[in-house]
Amino acid sequence: MSPLDFITDLFNPDLRFLPKALLVAVMSSIVCGVIGCYVVLRGMAFIGDAVGHAVFPGLAVAFVIDGNLLLGGAAAGVLTAIFVAVLSQNRRLREDSVIGILFAAAFALGIVIISRSPGYSGSLQQFLFGSITGVLDSDIYVVAIAGVVLLALIFAFHKELVAVSLDREMARAVGLPVFWLDLALYVMVTVAVVISVQTIGNILVLALLITPAATARLLTDRLGLMMILAPLLGGLSAVVGLYLSWSYDLPVGGTIVLVTTALFLVSWVAAPRHGLAARGRSRVHVPAAMSSGVMAE
Amino acid sequence: MTLRISDVDVDLGGRPVLRGVNLEVDPGELVALIGPNGAGKTTLLRTIMGLLTPRSGGVRIDDAAVRRGSIGYVPQRHEFAWDFPISVEDTVMTGRVRRIGWLRRAGVADYAAVAEALDRVHMSQLAKRPVGELSGGQRQRVLVARALALDPSVLLLDEPFTGLDMPTQELLTDLFRQLASEGHGLLMTTHDLVAAVHTCDRIALINRTITAAGPPAELNDPELWMSTFGIRATSPLLKSLGLGPTAPETLEEVV
């Protein structure tokens with residue numbers, strides 16, 4: 001199918017779910033791209049993965065009792081984040097063990113809960129791998145509002161979040177509320193995951209957080225630019241992924257993630273300063289680089 | 001402005017770490033805080049910064065409570081995320097994050113303070129460079145500039161020399177001497193005892209408490225160093241300080 005056919009389908013009144021899915025996928029990719037910059041830079045990938053799994057029991061409960069999926073997921077994610085914070089107080093266990101225990105437990109709970117609902121294998125697959133059908137009009141508003149609020153918060157507290165991410169000791173010393181800024185970031189990651197889960201699925205949502213941000217990191221040494229590139233790359237992946245998924249009848253979550261991964265691999269090889277090719281070139285200029293370093297010192 | 005630490009007791013997790021610590025750092029003075037591992041050096045710095053609350057005793061500046069920003073903190077280099085995509089000048093600006101205030105952007109005064117701090121540590125020409133591309137000595141100077149961005153009267157430096165080669169250490173020592181001559185009081189922990197003896201105005205020996213403090217020339221009793229560091233009379237450390245039995249000359253001659 002040509003891109004033109006895809007655009008025609010987007011405006012086909014019989015396929016009204018398609019533009020809705022595209023809108024939600026693009027919006028959540030943009031939000032995840034921006035927040036993912038912090039996830040990547042602070043080495044929080046495992047926490048992102050944990051939250052992605054931890055929202056599952058909330059989604060399952062909401063699905064079984066016919067409640068709001070986004071609210072259910074957000075509640076479960078935030079509860080798990082608080083559990084992690086509390087259980088990590090026991091210093092005999094490292095935080096990653098606690099996170100591992102809790103996210104597997106939350107995921108298991110979700111599977112047990114959803115097995116109680118009729119026709120569960122279909123809905124299970126939809127949660128795990130995402131789906132482009134079934135996006136409600138109200139979902140679009142919720143995702144849009146949540147996305148705008150998240151981006152506004154990230155922008156408003158940018159310099160404080162940067163200071164804490166750079167050096168917690170110094171941040172404490174100058175009087176920043178480090179614990180509350182950490183908690184705010186965890187909650188923002190949770191919300192970003194929840195609004196993305198529907199189209200991309202439980203398991204693959206991690207890629208939306210990590211991959212575009214990591215790709216952007218390869219392309220620039222400036223945080224501001226990184227936080228513009230990551231959502232652009234994420235949004236591009238969502239559009240291209242959905243197009244490929246629609247044209248070749250592929251699962252949408254998997255297709256979007258593979259597109260982001262392809263962009264990452266291209267950057268890994270061809271990025272201007274940090275890519276494989278650039279590093280290969282700079283190796284030739286090692287003496288020059290060293291002498292300029294000495295002069296700078 | 002004089003930093004006064006009086007009768008400070010600090011417990012960590014129920015264990016006594018510091019007992020009855022008394023120390024003063026005057027303006028224009030470079031003071032080395034020296035002691036073995038686990039002696040409580042970093043704990044004392046964190047207490048002075050207000051990151052730890054002492055069980056008793058207190059820290060004051062000129063007999064007034066410590067105001068936020070009057071003490072600059074330069075933590076160990078490994079505390080900082082050097083892989084973060086941020087420039088030297090933006091890093092220095094993070095030192096002013098609380099002074100700028102919530103929901104506000106840096107203003108003219110903030111940029112001026114950052115430029116001045118970078119100038120003081122001779123890093124102005126590298127202001128736009130990503131911090132990940134700096135050498136160890138340059139990184140240390142960025143951390144000093146970040147602390148200077150608040151124009152503190154006292155600077156606390158936690159092991160600034162660790163992992164740096166001799167020429168870099170000398171450049172940093174020059175910088176610290178220059179800051180002291182500009183009227184800052186500097187208190188730094190270090191494991192380089194010989195360098196401390198040669199470059200600092202005073203040395204404070206610490207092991208759970210300040211066992212001795214004074215100009216290097218006055219700390220010439222080997223017994224003092226042996227008890228503080230738990231070393232033997234034959235230790236090469238004493239020899240290198242000129243205090244060992246095989247090197248009977250006094251510390252004055254070495255200094």
# chains A, B, ... in the order shown; residues from 1 in each chain; ligands from 1
$ residues_around --residues "Ile30 of chain A" --least-positions-apart "5" --cutoff "8 Å" --atoms "only C-alpha atoms" --output "ChimeraX atom specification"
/A:230-232,234-235
$ write_last_selection --atoms "N, CA and C atoms" --output "mmCIF file, in the first residue's frame"
data_model
loop_
_atom_site.group_PDB
_atom_site.id
_atom_site.type_symbol
_atom_site.label_atom_id
_atom_site.label_comp_id
_atom_site.auth_asym_id
_atom_site.auth_seq_id
_atom_site.Cartn_x
_atom_site.Cartn_y
_atom_site.Cartn_z
ATOM 1 N N ALA A 230 14.233 13.466 20.566
ATOM 2 C CA ALA A 230 13.628 12.205 21.008
ATOM 3 C C ALA A 230 12.132 12.140 20.675
ATOM 4 N N PRO A 231 11.330 13.169 21.010
ATOM 5 C CA PRO A 231 9.918 13.086 20.630
ATOM 6 C C PRO A 231 9.707 13.110 19.119
ATOM 7 N N LEU A 232 10.584 13.819 18.383
ATOM 8 C CA LEU A 232 10.455 13.805 16.918
ATOM 9 C C LEU A 232 10.673 12.393 16.385
ATOM 10 N N GLY A 234 10.391 9.610 18.079
ATOM 11 C CA GLY A 234 9.292 8.763 18.547
ATOM 12 C C GLY A 234 8.047 8.962 17.693
ATOM 13 N N GLY A 235 7.700 10.223 17.435
ATOM 14 C CA GLY A 235 6.515 10.524 16.629
ATOM 15 C C GLY A 235 6.648 9.971 15.213
#
$ interface_residues --of "chain B" --to "chain A" --cutoff "10 Å" --atoms "only C-alpha atoms" --output "number ranges by chain"
B: 46, 48-51, 68-69, 71-87, 90-91, 93-106, 122-123, 125-126, 129-138, 143, 146-147, 150, 168, 171
$ closest_residue --among "B:Val121, B:Leu148, B:Leu23, B:Leu205" --to "Thr173 of chain B" --atoms "only C-alpha atoms"
B:Val121
$ atom_distance --atom1 "atom CA of Pro3 of chain A" --atom2 "atom CA of Leu244 of chain A"
9.3 Å
$ residues_around --residues "Ser2 of chain A" --least-positions-apart "5" --cutoff "12 Å" --atoms "only C-alpha atoms" --output "NGL selection string"
:A and (7-9 or 240 or 243-244 or 246-248)
$ residues_around --residues "Ser181 of chain B" --least-positions-apart "4" --cutoff "9 Å" --atoms "only C-alpha atoms" --output "list of chain:residue names"
B:Pro27, B:Gly28, B:Glu29, B:Phe176, B:Arg177
$ residues_around --residues "Val10 of chain B" --least-positions-apart "5" --cutoff "12 Å" --atoms "only C-alpha atoms" --output "PyMOL selection string"
chain B and resi 15-21+40-48+50-58+208-209
$ select_by_dssp --residues "segment 2-113 of chain B" --states "strand (DSSP E or B)" --output "PyMOL selection string"
chain B and resi 3-12+15-25+30-34+56-61+64-65+71-74+87
$ atom_distance --atom1 "atom CA of Leu23 of chain A" --atom2 "atom CA of Leu10 of chain A"
10.7 Å
$ select_by_dssp --residues "segment 51-280 of chain A" --states "helix (DSSP H, G or I)" --output "JSON, numbers by chain"
{"A": [51, 52, 53, 54, 56, 57, 58, 59, 60, 61, 62, 63, 64, 69, 70, 71, 72, 73, 74, 75, 76, 77, 78, 79, 80, 81, 82, 83, 84, 85, 86, 87, 95, 96, 97, 98, 99, 100, 101, 102, 103, 104, 105, 106, 107, 108, 109, 110, 111, 112, 113, 114, 115, 120, 121, 122, 123, 124, 125, 126, 127, 128, 129, 137, 138, 139, 140, 141, 142, 143, 144, 145, 146, 147, 148, 149, 150, 151, 152, 153, 154, 155, 156, 158, 159, 160, 161, 162, 163, 164, 165, 166, 168, 169, 170, 171, 172, 173, 178, 179, 180, 181, 182, 183, 184, 185, 186, 187, 188, 189, 190, 191, 192, 193, 194, 195, 196, 197, 198, 199, 200, 205, 206, 207, 208, 209, 210, 211, 212, 213, 214, 215, 216, 217, 218, 219, 223, 224, 225, 226, 227, 228, 229, 230, 231, 232, 233, 234, 235, 236, 237, 238, 239, 240, 241, 242, 243, 244, 245, 246, 247, 248, 252, 253, 254, 255, 256, 257, 258, 259, 260, 261, 262, 263, 264, 265, 266, 267, 268, 269, 270, 276, 277, 278, 279, 280]}
$ residues_around --residues "Leu206 of chain A" --least-positions-apart "4" --cutoff "7 Å" --atoms "only C-alpha atoms" --output "ChimeraX atom specification"
/A:48-49,52,210
$ atom_distance --atom1 "atom CA of Val39 of chain A" --atom2 "atom CA of Ala75 of chain A"
20.5 Å
$ residues_around --residues "segment 191-196 of chain B" --least-positions-apart "5" --cutoff "10 Å" --atoms "only C-alpha atoms" --output "list of chain:residue names"
B:Leu30, B:Val31, B:Ala32, B:Leu33, B:Ile34, B:Gly35, B:Pro36, B:Asn37, B:Glu159, B:Pro160, B:Phe161, B:Thr162, B:Gln169, B:Glu170, B:Thr173, B:Asp201, B:Arg202, B:Ile203, B:Pro216, B:Leu237, B:Leu238, B:Ser240, B:Leu241, B:Gly242, B:Val254, B:Val255
$ closest_residue --among "B:Ile5, B:Cys200, B:Ala112, B:Leu155" --to "Asp63 of chain B" --atoms "only C-alpha atoms"
B:Ile5
$ closest_residue --among "B:Ile206, B:Val108, B:Ala212, B:Leu118" --to "Gly38 of chain B" --atoms "only C-alpha atoms"
B:Ile206
